[in-house]
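Participant: Got a structure here, written out as C-alpha cells. Questions coming.
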Amino acid sequence: MRLEFWGDEIISIRGFSAATQRSISSDIKEVTLIPARELSLDDIDSGSVIISKVREHGFFEGIENYYSLLTKELSSFADYFAPDSRVIAYSNFSYITEEMEALIEQTFNQYRKVIKGKSKAKTPTPDQLMLNEEAFYAQMNQCQSIYLSQSEFIFPQLKHSIRAPFMSQPAFESDLGLLADTLRQKQRDGWQYYLLFDNASQERRMRQTIAEDAAFSSHIGVLHEGFEIEDIRLGLWTDHEIYNRYKRKRYAPRFAPGESIVDYENLKPGDYVVHVDHGIGVFEGLKIIKLDGQEVECLVLRYANEDRVYVPTFQLSLVSKYVAEEGSAPALNKLGSAKWQNTKRRATQEIELIAADLVKLYALRNSRPGLAHKPDGTWQEELEESFIYDDTPDQKTASREIKDDMELPSPMERLLCGDVGFGKTEVAIRAAFKAVMSGFQVAVLAPTTLLVEQHFRVFRERLAQYPVQIAMLSRFRSKALITKDVQDIASGNVDIAIGTHRLLSQDVKFPKLGLLIIDEEHRFGVRHKDRLRSMQSNVDTLYMSATPIPRTLNMALAKLKEISLMQTSPQRTPAHSHHHHHAGYGSDQRCYPSGSRSWRSGFLRAQPRANH
C-alpha cells in the first residue's frame, strides 16, 4: 500500500506495485493492517519476570523464545479452528516426524547451553514453547487428516489409500499424425484423454486437423505441462507441448536506458561518452582529486594522444553517452583542436536542413490519402484469441486505437508508449498481421541485432499457423540469405521484414509497404526513421518506445502524432502443474531445510523434506 501523509494525517491510500513502482488502484477508503508478529505488547502479562526488558526495548532479538514467560497461555495455530471442522494435510508425513524429532533434540541441546550462563527462572523450557510428541499426535487424532506422499510409504494411521502415479506427457514435436495414432491406441486400451487448449480458436483448429483420425475430449484452461495417471487410465495433454512451442514467460521489471547519463554509476570503464565542449572520449572510471582544498569526485575521460579530462560529478549534465549504429567505434577527439567545434557547427546546419525536409514530408503525408486497411477478419480474431495470456486493459485499448487508425483513409502517426514487458510487441504483431491480411507489406525496424532476432522469433512463433512469410535482415544472417531476402522483399514474397539499419539500405525496396513499425524509436536518427516513409509517404507508422525522445513526445502532445499509453503492469504467470517421481525411501536426493524458528508460539511449523 502507498500512504500519503499531510503531517500526521493520512490523506490518500492507494494500491502499490513493488515491481513497477507505480500506483495500481484508485483511492482506498480503509485498509486492515495485520500484525507482523504472533504477540502484541498489549497482551503481555505485567507480572512477567522479563517485563522490564520489554518495557525498555520493546520487541528485541529472540523475543519469540520467551513467549511463555510473557503470556499466561500459548496456543498452536490449529487451536484457532474447532476440531470437528479442522482438516490437516501432511506432505510426506514420515519426513515430518523425523524433522520433529530432530528439532526437539536440537532445541533441548540449545536450552542446556543457554542455562549454563543464565538463570533458569528467566529461560523457558522447550516444553513451554512447543508441542511435544504426545500433544502433537493427540491434536492430529482430534481432526480429519490427509497424508500426501511422493513415495510408497505405509502409514498406520491410514483408513483409505489412493495411489496416483503421474507420468509426463510424451513429446510429439508437432507430429499430428503421431498424435492421432497415439490417441487411437490409448483409446483402444481403455484410456480417457483430454486435450487442454488456451482458447476456443486453438481447439477449433485442432479438431479440424485430426478430428477424422482420432476423437478426443477437450477443455479450455492453462497448465504448464500435461500428464498421465496410469491407475485410472486418464491423460491430459496440452497443445503447447504437442507443438513444442510453449515457453514460460517471466516478466522482470526493467527500464529501457535513456541516452543521457542520470547516474554515473551506470557507466562502465571503456564506454564512449560525449562532452559538450571536448567531444568524443572514453570513460575510464572515477577518481578523487583535490580542488580548492576540497576532495572532489570526478569522471576521468580519455581523449586522443592519451590526454585526459576530469569532470566533477556535479557537472554530469555536460556528459552524455555516445549513440551510434551498432558495431561502430568512433574516433576520439583531440583536445584543443577545432574539429569538434566544426562538427557541432555542421550538425546545427544539418538539423536545419532535416527540419525543412520533415516539414515537406509531413505536409505531403497530410495532403495524400492513406492506406485504408480492411476490417478484422476471422483469422485476425483467431490470432488475438490465441494469445496465451489475458490482455491488459491498456493492451486492448491500444490495439483497438491502432486498428481503428489503420482502417481510416489517412496516414497513421501513432506513438505506443509503455514500459518494457507491458505487451507492446503483442500489439505490434496484431497490427502487422492486419496489414498483411489487407495485402500490404510490413517493415519492423529495431536498433540492435539482438532485438531483431528476438522480434523475429516472437513474430514467427505467433504467426506460425498462418501463411505469412517473415524475413530477418541483420549481421547474424549470412550474405547469401540476406541477398535472397532482399530479392523476396522486392518481389513482394516477404510479408514482414524485420531488421536493423540494414533495412534502410538503398537495395531494400518495398513494392507495397503498408505499415512501418519502429521499435525503440529514440535509438534512431531523424533521417533513419523517415527514410522509408519518404519513398512511400502515405505508409502507416507505429512508433514504440518506453522512453520517447522529446521531439516525438512533443509531437504526440501537440496532436501531430496520436499516442497510446500502456501503464498497466501485466500479471501473466500461467498456472503451472509440477509432477515429481520419487524412487523410494532410500533416495539420496533429499533436501533438508534449516530448522531455525520452526517452532513458534507452541505451533509445530514442520517443513517436510522434498524429493525431486
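Going through the C-alpha cells in order, the chains are called A, B, and so on, while each chain numbers its residues from 1 and the ligands are numbered from 1 in the order shown.
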Enumerate, as a PyMOL selection string, the complete set of residues in segment 115-236 of chain A that a backbone-based DSSP assignment places in strand (DSSP E or B).

Facilitator: chain A and resi 144-148+166-168+192-197+217-220+227-229+234-236

Participant: Which neighbours of segment 275-284 of chain A fall inside 6 Å, counting only C-alpha atoms, when residues of the same chain fewer than 5 positions from it are skipped, and could you give them as a ChimeraX atom specification?

Facilitator: /A:269-270,300-303,318-319,332-333,340

Participant: I need the chosen residues saved as an mmCIF file, in the first residue's frame, with all heavy atoms.

Facilitator:
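Contents of the output file selection_33.cif:
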```cif
data_model
loop_
_atom_site.group_PDB
_atom_site.id
_atom_site.type_symbol
_atom_site.label_atom_id
_atom_site.label_comp_id
_atom_site.auth_asym_id
_atom_site.auth_seq_id
_atom_site.Cartn_x
_atom_site.Cartn_y
_atom_site.Cartn_z
ATOM 1 N N PRO A 269 33.803 1.439 -17.322
ATOM 2 C CA PRO A 269 35.060 1.804 -17.988
ATOM 3 C C PRO A 269 35.115 1.230 -19.399
ATOM 4 O O PRO A 269 34.813 0.060 -19.622
ATOM 5 C CB PRO A 269 36.128 1.176 -17.082
ATOM 6 C CG PRO A 269 35.492 1.131 -15.731
ATOM 7 C CD PRO A 269 34.041 0.847 -15.990
ATOM 8 N N GLY A 270 35.472 2.065 -20.351
ATOM 9 C CA GLY A 270 35.505 1.670 -21.748
ATOM 10 C C GLY A 270 34.330 2.190 -22.547
ATOM 11 O O GLY A 270 34.338 2.124 -23.785
ATOM 12 N N VAL A 300 36.802 10.419 -15.145
ATOM 13 C CA VAL A 300 38.038 10.507 -15.918
ATOM 14 C C VAL A 300 37.705 10.142 -17.367
ATOM 15 O O VAL A 300 37.285 9.014 -17.656
ATOM 16 C CB VAL A 300 39.125 9.574 -15.365
ATOM 17 C CG1 VAL A 300 40.404 9.729 -16.164
ATOM 18 C CG2 VAL A 300 39.371 9.854 -13.888
ATOM 19 N N LEU A 301 37.889 11.119 -18.290
ATOM 20 C CA LEU A 301 37.623 10.906 -19.709
ATOM 21 C C LEU A 301 38.925 10.968 -20.478
ATOM 22 O O LEU A 301 39.692 11.933 -20.347
ATOM 23 C CB LEU A 301 36.653 11.970 -20.245
ATOM 24 C CG LEU A 301 35.341 12.156 -19.475
ATOM 25 C CD1 LEU A 301 34.473 13.187 -20.178
ATOM 26 C CD2 LEU A 301 34.596 10.847 -19.315
ATOM 27 N N ARG A 302 39.197 9.920 -21.274
ATOM 28 C CA ARG A 302 40.435 9.865 -22.058
ATOM 29 C C ARG A 302 40.139 10.278 -23.504
ATOM 30 O O ARG A 302 39.162 9.830 -24.098
ATOM 31 C CB ARG A 302 41.010 8.450 -22.024
ATOM 32 C CG ARG A 302 42.232 8.259 -22.927
ATOM 33 C CD ARG A 302 42.882 6.902 -22.692
ATOM 34 N NE ARG A 302 41.931 5.817 -22.865
ATOM 35 C CZ ARG A 302 41.620 5.266 -24.039
ATOM 36 N NH1 ARG A 302 42.172 5.753 -25.160
ATOM 37 N NH2 ARG A 302 40.768 4.268 -24.112
ATOM 38 N N TYR A 303 41.023 11.127 -24.050
ATOM 39 C CA TYR A 303 40.893 11.604 -25.426
ATOM 40 C C TYR A 303 42.115 11.185 -26.242
ATOM 41 O O TYR A 303 42.985 10.444 -25.753
ATOM 42 C CB TYR A 303 40.698 13.123 -25.441
ATOM 43 C CG TYR A 303 39.308 13.525 -24.988
ATOM 44 C CD1 TYR A 303 39.008 13.683 -23.639
ATOM 45 C CD2 TYR A 303 38.293 13.707 -25.912
ATOM 46 C CE1 TYR A 303 37.732 14.018 -23.218
ATOM 47 C CE2 TYR A 303 37.009 14.051 -25.505
ATOM 48 C CZ TYR A 303 36.736 14.193 -24.164
ATOM 49 O OH TYR A 303 35.458 14.520 -23.762
ATOM 50 N N LEU A 318 27.023 17.851 -18.492
ATOM 51 C CA LEU A 318 27.826 18.167 -19.673
ATOM 52 C C LEU A 318 28.226 16.905 -20.443
ATOM 53 O O LEU A 318 28.770 16.997 -21.546
ATOM 54 C CB LEU A 318 29.096 18.927 -19.267
ATOM 55 C CG LEU A 318 28.890 20.267 -18.554
ATOM 56 C CD1 LEU A 318 30.241 20.868 -18.163
ATOM 57 C CD2 LEU A 318 28.106 21.230 -19.438
ATOM 58 N N VAL A 319 27.979 15.734 -19.873
ATOM 59 C CA VAL A 319 28.435 14.469 -20.458
ATOM 60 C C VAL A 319 27.218 13.616 -20.795
ATOM 61 O O VAL A 319 26.259 13.547 -20.021
ATOM 62 C CB VAL A 319 29.364 13.711 -19.490
ATOM 63 C CG1 VAL A 319 29.870 12.415 -20.131
ATOM 64 C CG2 VAL A 319 30.532 14.585 -19.068
ATOM 65 N N LEU A 332 38.415 9.150 -31.423
ATOM 66 C CA LEU A 332 38.469 10.068 -30.285
ATOM 67 C C LEU A 332 38.885 11.453 -30.752
ATOM 68 O O LEU A 332 39.747 11.603 -31.629
ATOM 69 C CB LEU A 332 39.439 9.549 -29.219
ATOM 70 C CG LEU A 332 39.155 8.150 -28.651
ATOM 71 C CD1 LEU A 332 40.142 7.829 -27.537
ATOM 72 C CD2 LEU A 332 37.725 8.050 -28.152
ATOM 73 N N ASN A 333 38.275 12.461 -30.157
ATOM 74 C CA ASN A 333 38.645 13.836 -30.488
ATOM 75 C C ASN A 333 39.940 14.242 -29.805
ATOM 76 O O ASN A 333 40.321 13.683 -28.765
ATOM 77 C CB ASN A 333 37.528 14.798 -30.074
ATOM 78 C CG ASN A 333 36.322 14.710 -30.995
ATOM 79 O OD1 ASN A 333 35.227 14.310 -30.587
ATOM 80 N ND2 ASN A 333 36.503 15.089 -32.246
ATOM 81 N N TRP A 340 36.062 19.354 -33.247
ATOM 82 C CA TRP A 340 34.801 19.152 -32.549
ATOM 83 C C TRP A 340 33.865 20.346 -32.732
ATOM 84 O O TRP A 340 32.670 20.190 -32.929
ATOM 85 C CB TRP A 340 35.041 18.882 -31.072
ATOM 86 C CG TRP A 340 33.776 18.787 -30.258
ATOM 87 C CD1 TRP A 340 33.373 19.610 -29.260
ATOM 88 C CD2 TRP A 340 32.740 17.809 -30.405
ATOM 89 N NE1 TRP A 340 32.159 19.231 -28.758
ATOM 90 C CE2 TRP A 340 31.740 18.110 -29.447
ATOM 91 C CE3 TRP A 340 32.553 16.721 -31.251
ATOM 92 C CZ2 TRP A 340 30.581 17.356 -29.310
ATOM 93 C CZ3 TRP A 340 31.399 15.968 -31.116
ATOM 94 C CH2 TRP A 340 30.430 16.289 -30.158
#
```

Participant: When you look at Met472 of chain A with a cut-off of 12 Å (counting only C-alpha atoms), what residues show up, excluding the ones that are within fewer than 4 positions of it in the same chain? I need them as number ranges by chain.

Facilitator: A: 443-446, 449-457, 459-460, 476-479, 481-486, 488-489, 494-503

Participant: List as a PyMOL selection string the protein and nucleic acid residues near Glu381 of chain A, meaning an atom at most 12 Å away when only C-alpha atoms are counted, but skip any in the same chain fewer than 5 places from it.

Facilitator: chain A and resi 199-202+375-376+386-387+430+433-434+437

Participant: Just give me the gap between atom CA of Asp239 of chain A and atom CA of Thr392 of chain A in Å, one decimal is fine.

Facilitator: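 Straight-line distance from atom CA of Asp239 of chain A to atom CA of Thr392 of chain A works out to 23.7 Å.
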
Participant: Which residues are near Gly514 of chain A? Cut-off 7 Å, only C-alpha atoms, ignore same chain within fewer than 5 positions. Put them as an MDAnalysis selection string.

Facilitator: chainID A and resid 371 435 440:442 539:540

Participant: I want to know what sits within 9 Å of Ile50 of chain A, based on only C-alpha atoms, with residues of the same chain fewer than 4 positions away left out; could you give that as a PyMOL selection string?

Facilitator: chain A and resi 54-55+66+69-70+122

Participant: For atom CA of Ile470 of chain A and atom CA of Ile429 of chain A, quote the distance in Å rounded to one decimal.

Facilitator: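 That distance, rounded to one decimal, is 11.9 Å.
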
Participant: So how many Å separate atom CA of Gln341 of chain A and atom CA of Asp307 of chain A, to one decimal?

Facilitator: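 Atom-to-atom, atom CA of Gln341 of chain A to atom CA of Asp307 of chain A, that is 17.9 Å.
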
Participant: What's around segment 292-298 of chain A at 12 Å? Count only C-alpha atoms, leave out sequence neighbours fewer than 2 positions away in its own chain, and write the answer as an MDAnalysis selection string.

Facilitator: chainID A and resid 264:265 283:290 300:301 308:316 319

Participant: Of the candidates A:Leu513, A:Met140, A:Ile242, A:Leu39, which shows the shortest atom-to-atom distance to Ala180 of chain A, using only C-alpha atoms?

Facilitator: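 Smallest separation from Ala180 of chain A among the options: A:Ile242.
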
Participant: As a VMD selection string, please: all residues of segment 267-479 of chain A that backbone DSSP puts in helix (DSSP H, G or I).

Facilitator: chain A and resid 304 to 306 313 to 318 339 to 367 378 to 385 393 to 407 424 to 437 449 to 462 479

Participant: Between A:Gln487, A:Ser438, A:Asn342, A:Gln187, which one has atoms that come closest to Lys374 of chain A, using only C-alpha atoms?

Facilitator: A:Ser438
